[in-house]
file structure_9.cif (mmCIF, N, CA and C atoms)
data_final
loop_
_atom_site.group_PDB
_atom_site.id
_atom_site.type_symbol
_atom_site.label_atom_id
_atom_site.label_comp_id
_atom_site.auth_asym_id
_atom_site.auth_seq_id
_atom_site.Cartn_x
_atom_site.Cartn_y
_atom_site.Cartn_z
ATOM 1 N N MET A 23 2.068 -9.638 0.077
ATOM 2 C CA MET A 23 2.884 -8.540 -0.407
ATOM 3 C C MET A 23 4.080 -9.107 -1.151
ATOM 4 N N LYS A 24 4.339 -8.573 -2.288
ATOM 5 C CA LYS A 24 5.501 -9.009 -3.053
ATOM 6 C C LYS A 24 6.769 -8.425 -2.463
ATOM 7 N N GLN A 25 7.803 -9.220 -2.490
ATOM 8 C CA GLN A 25 9.100 -8.778 -1.980
ATOM 9 C C GLN A 25 9.617 -7.581 -2.776
ATOM 10 N N ASP A 26 9.341 -7.554 -4.087
ATOM 11 C CA ASP A 26 9.800 -6.440 -4.924
ATOM 12 C C ASP A 26 9.215 -5.115 -4.464
ATOM 13 N N ALA A 27 7.941 -5.109 -4.108
ATOM 14 C CA ALA A 27 7.290 -3.881 -3.642
ATOM 15 C C ALA A 27 7.922 -3.404 -2.341
ATOM 16 N N LYS A 28 8.203 -4.326 -1.458
ATOM 17 C CA LYS A 28 8.835 -3.995 -0.186
ATOM 18 C C LYS A 28 10.225 -3.411 -0.418
ATOM 19 N N GLU A 29 10.985 -4.054 -1.277
ATOM 20 C CA GLU A 29 12.347 -3.580 -1.577
ATOM 21 C C GLU A 29 12.326 -2.197 -2.223
ATOM 22 N N GLU A 30 11.384 -1.970 -3.114
ATOM 23 C CA GLU A 30 11.291 -0.668 -3.770
ATOM 24 C C GLU A 30 10.940 0.416 -2.763
ATOM 25 N N LEU A 31 10.011 0.120 -1.883
ATOM 26 C CA LEU A 31 9.636 1.091 -0.865
ATOM 27 C C LEU A 31 10.810 1.393 0.058
ATOM 28 N N LEU A 32 11.575 0.389 0.437
ATOM 29 C CA LEU A 32 12.767 0.614 1.252
ATOM 30 C C LEU A 32 13.791 1.488 0.531
ATOM 31 N N HIS A 33 13.897 1.292 -0.781
ATOM 32 C CA HIS A 33 14.795 2.121 -1.593
ATOM 33 C C HIS A 33 14.382 3.595 -1.511
ATOM 34 N N TRP A 34 13.079 3.867 -1.685
ATOM 35 C CA TRP A 34 12.587 5.243 -1.652
ATOM 36 C C TRP A 34 12.706 5.846 -0.257
ATOM 37 N N ILE A 35 12.559 5.036 0.775
ATOM 38 C CA ILE A 35 12.740 5.521 2.152
ATOM 39 C C ILE A 35 14.184 5.968 2.354
ATOM 40 N N LYS A 36 15.122 5.147 1.898
ATOM 41 C CA LYS A 36 16.538 5.492 2.042
ATOM 42 C C LYS A 36 16.871 6.782 1.287
ATOM 43 N N ARG A 37 16.365 6.897 0.073
ATOM 44 C CA ARG A 37 16.625 8.118 -0.705
ATOM 45 C C ARG A 37 16.031 9.350 -0.038
ATOM 46 N N LYS A 38 14.827 9.221 0.506
ATOM 47 C CA LYS A 38 14.177 10.356 1.165
ATOM 48 C C LYS A 38 14.923 10.737 2.433
ATOM 49 N N GLN A 39 15.448 9.745 3.161
ATOM 50 C CA GLN A 39 16.257 10.039 4.351
ATOM 51 C C GLN A 39 17.502 10.844 3.960
ATOM 52 N N GLU A 40 18.158 10.412 2.910
ATOM 53 C CA GLU A 40 19.360 11.111 2.448
ATOM 54 C C GLU A 40 19.031 12.533 2.023
ATOM 55 N N GLU A 41 17.917 12.695 1.310
ATOM 56 C CA GLU A 41 17.492 14.025 0.865
ATOM 57 C C GLU A 41 17.204 14.927 2.069
ATOM 58 N N MET A 42 16.515 14.390 3.071
ATOM 59 C CA MET A 42 16.185 15.180 4.247
ATOM 60 C C MET A 42 17.444 15.618 4.988
ATOM 61 N N ILE A 43 18.409 14.734 5.093
ATOM 62 C CA ILE A 43 19.677 15.078 5.751
ATOM 63 C C ILE A 43 20.380 16.197 4.994
ATOM 64 N N GLU A 44 20.416 16.090 3.671
ATOM 65 C CA GLU A 44 21.060 17.125 2.860
ATOM 66 C C GLU A 44 20.384 18.476 3.033
ATOM 67 N N ILE A 45 19.069 18.493 2.945
ATOM 68 C CA ILE A 45 18.328 19.747 3.084
ATOM 69 C C ILE A 45 18.489 20.303 4.496
ATOM 70 N N GLY A 46 18.360 19.424 5.494
ATOM 71 C CA GLY A 46 18.502 19.870 6.874
ATOM 72 C C GLY A 46 19.873 20.436 7.181
ATOM 73 N N THR A 47 20.892 19.832 6.609
ATOM 74 C CA THR A 47 22.258 20.311 6.811
ATOM 75 C C THR A 47 22.460 21.669 6.141
ATOM 76 N N ALA A 48 21.911 21.813 4.948
ATOM 77 C CA ALA A 48 22.094 23.049 4.191
ATOM 78 C C ALA A 48 21.211 24.197 4.681
ATOM 79 N N LYS A 49 19.972 23.882 5.049
ATOM 80 C CA LYS A 49 19.006 24.947 5.335
ATOM 81 C C LYS A 49 18.518 24.983 6.775
ATOM 82 N N GLY A 50 18.826 23.945 7.535
ATOM 83 C CA GLY A 50 18.397 23.901 8.926
ATOM 84 C C GLY A 50 17.216 22.962 9.114
ATOM 85 N N ILE A 51 17.105 22.441 10.335
ATOM 86 C CA ILE A 51 16.068 21.449 10.588
ATOM 87 C C ILE A 51 14.672 22.054 10.670
ATOM 88 N N SER A 52 14.560 23.355 10.837
ATOM 89 C CA SER A 52 13.249 23.996 10.923
ATOM 90 C C SER A 52 12.792 24.611 9.607
ATOM 91 N N HIS A 53 13.622 24.509 8.585
ATOM 92 C CA HIS A 53 13.276 25.095 7.281
ATOM 93 C C HIS A 53 12.074 24.361 6.688
ATOM 94 N N LYS A 54 11.247 25.095 5.968
ATOM 95 C CA LYS A 54 10.022 24.497 5.421
ATOM 96 C C LYS A 54 10.310 23.326 4.477
ATOM 97 N N GLU A 55 11.408 23.373 3.733
ATOM 98 C CA GLU A 55 11.742 22.262 2.831
ATOM 99 C C GLU A 55 12.132 21.004 3.630
ATOM 100 N N THR A 56 12.844 21.207 4.733
ATOM 101 C CA THR A 56 13.216 20.076 5.576
ATOM 102 C C THR A 56 11.969 19.446 6.185
ATOM 103 N N LEU A 57 11.062 20.287 6.657
ATOM 104 C CA LEU A 57 9.824 19.791 7.257
ATOM 105 C C LEU A 57 8.955 19.069 6.234
ATOM 106 N N GLN A 58 8.899 19.595 5.020
ATOM 107 C CA GLN A 58 8.135 18.941 3.954
ATOM 108 C C GLN A 58 8.738 17.571 3.633
ATOM 109 N N CYS A 59 10.044 17.517 3.546
ATOM 110 C CA CYS A 59 10.734 16.261 3.268
ATOM 111 C C CYS A 59 10.503 15.267 4.402
ATOM 112 N N SER A 60 10.504 15.752 5.627
ATOM 113 C CA SER A 60 10.243 14.906 6.783
ATOM 114 C C SER A 60 8.835 14.311 6.712
ATOM 115 N N GLN A 61 7.863 15.113 6.292
ATOM 116 C CA GLN A 61 6.496 14.616 6.167
ATOM 117 C C GLN A 61 6.408 13.553 5.073
ATOM 118 N N GLU A 62 7.117 13.767 3.972
ATOM 119 C CA GLU A 62 7.128 12.780 2.885
ATOM 120 C C GLU A 62 7.757 11.467 3.370
ATOM 121 N N LEU A 63 8.810 11.583 4.159
ATOM 122 C CA LEU A 63 9.446 10.394 4.732
ATOM 123 C C LEU A 63 8.477 9.673 5.676
ATOM 124 N N ASP A 64 7.782 10.429 6.496
ATOM 125 C CA ASP A 64 6.779 9.836 7.382
ATOM 126 C C ASP A 64 5.729 9.063 6.592
ATOM 127 N N ASP A 65 5.297 9.637 5.481
ATOM 128 C CA ASP A 65 4.292 8.973 4.640
ATOM 129 C C ASP A 65 4.830 7.655 4.080
ATOM 130 N N LEU A 66 6.080 7.672 3.631
ATOM 131 C CA LEU A 66 6.700 6.447 3.119
ATOM 132 C C LEU A 66 6.827 5.389 4.217
ATOM 133 N N LEU A 67 7.227 5.823 5.400
ATOM 134 C CA LEU A 67 7.365 4.888 6.517
ATOM 135 C C LEU A 67 6.011 4.307 6.928
ATOM 136 N N THR A 68 4.983 5.125 6.896
ATOM 137 C CA THR A 68 3.636 4.648 7.201
ATOM 138 C C THR A 68 3.193 3.616 6.174
ATOM 139 N N SER A 69 3.468 3.882 4.917
ATOM 140 C CA SER A 69 3.121 2.926 3.856
ATOM 141 C C SER A 69 3.848 1.605 4.064
ATOM 142 N N TYR A 70 5.113 1.682 4.408
ATOM 143 C CA TYR A 70 5.895 0.468 4.648
ATOM 144 C C TYR A 70 5.321 -0.308 5.827
ATOM 145 N N GLN A 71 4.992 0.403 6.884
ATOM 146 C CA GLN A 71 4.433 -0.241 8.068
ATOM 147 C C GLN A 71 3.101 -0.925 7.736
ATOM 148 N N ARG A 72 2.284 -0.282 6.949
ATOM 149 C CA ARG A 72 1.005 -0.878 6.550
ATOM 150 C C ARG A 72 1.228 -2.144 5.724
ATOM 151 N N LEU A 73 2.160 -2.089 4.801
ATOM 152 C CA LEU A 73 2.448 -3.255 3.975
ATOM 153 C C LEU A 73 2.928 -4.430 4.819
ATOM 154 N N THR A 74 3.828 -4.154 5.728
ATOM 155 C CA THR A 74 4.365 -5.244 6.533
ATOM 156 C C THR A 74 3.339 -5.755 7.546
ATOM 157 N N SER A 75 2.485 -4.887 8.047
ATOM 158 C CA SER A 75 1.440 -5.326 8.973
ATOM 159 C C SER A 75 0.421 -6.213 8.292
ATOM 160 N N VAL A 76 0.011 -5.845 7.087
ATOM 161 C CA VAL A 76 -0.933 -6.657 6.330
ATOM 162 C C VAL A 76 -0.331 -8.011 6.034
ATOM 163 N N ASN A 77 0.938 -8.017 5.671
ATOM 164 C CA ASN A 77 1.620 -9.270 5.360
ATOM 165 C C ASN A 77 1.684 -10.174 6.597
ATOM 166 N N GLN A 78 1.945 -9.611 7.764
ATOM 167 C CA GLN A 78 2.028 -10.410 8.983
ATOM 168 C C GLN A 78 0.660 -10.968 9.358
ATOM 169 N N LEU A 79 -0.390 -10.220 9.127
ATOM 170 C CA LEU A 79 -1.730 -10.695 9.450
ATOM 171 C C LEU A 79 -2.131 -11.877 8.575
ATOM 172 N N ARG A 80 -1.645 -11.905 7.349
ATOM 173 C CA ARG A 80 -1.974 -12.976 6.415
ATOM 174 C C ARG A 80 -1.183 -14.246 6.674
ATOM 175 N N SER A 81 -0.082 -14.121 7.411
ATOM 176 C CA SER A 81 0.780 -15.283 7.674
ATOM 177 C C SER A 81 0.182 -16.215 8.689
#
call {"tool": "encode", "arguments": {"input": "structure_9.cif", "output": "structure tokens"}}
result
Amino acid sequence: MKQDAKEELLHWIKRKQEEMIEIGTAKGISHKETLQCSQELDDLLTSYQRLTSVNQLRS
């Protein structure tokens, strides 16, 4: 795994976390937009976990 890909994914995770906090604060944690954003964040975190797991297996 390239370090650049990992760094970019971490960047998008941070941005999605910030977006989810903003939406949750404005509309509530049960609002459909907050839940959708949470699912998108979960997907990004899963992708990151897969990348790092594959990298560890190759080491």
call {"tool": "residues_around", "arguments": {"input": "structure_9.cif", "residues": "stretch 61-71 of chain A", "least_positions_apart": "3", "cutoff": "8 Å", "atoms": "only N, CA and C atoms", "output": "list in words"}}
result
Lys28, Leu31, Leu32, Trp34, Ile35, Lys38, Gln39, Glu55, Thr56, Leu57, Gln58, Thr74, Ser75, Val76 and Asn77 of chain A
call {"tool": "atom_distance", "arguments": {"input": "structure_9.cif", "atom1": "atom CA of A:Lys49", "atom2": "atom CA of A:His33"}}
result
24.2 Å
call {"tool": "closest_residue", "arguments": {"input": "structure_9.cif", "among": "A:Ala48, A:Glu41, A:Leu73, A:Gln25", "to": "A:Ser60", "atoms": "only C-alpha atoms"}}
result
A:Glu41
call {"tool": "atom_distance", "arguments": {"input": "structure_9.cif", "atom1": "atom CA of A:Glu44", "atom2": "atom C of A:Glu29"}}
result
21.8 Å
call {"tool": "atom_distance", "arguments": {"input": "structure_9.cif", "atom1": "atom N of A:Gly46", "atom2": "atom C of A:Arg72"}}
result
27.5 Å
call {"tool": "axis_aligned_box", "arguments": {"input": "structure_9.cif", "around": "stretch 68-75 of chain A", "padding_each_side": "6 Å", "output": "JSON"}}
result
{"center_x": 3.2, "center_y": -0.5, "center_z": 6.4, "size_x": 17.5, "size_y": 23.3, "size_z": 17.1}
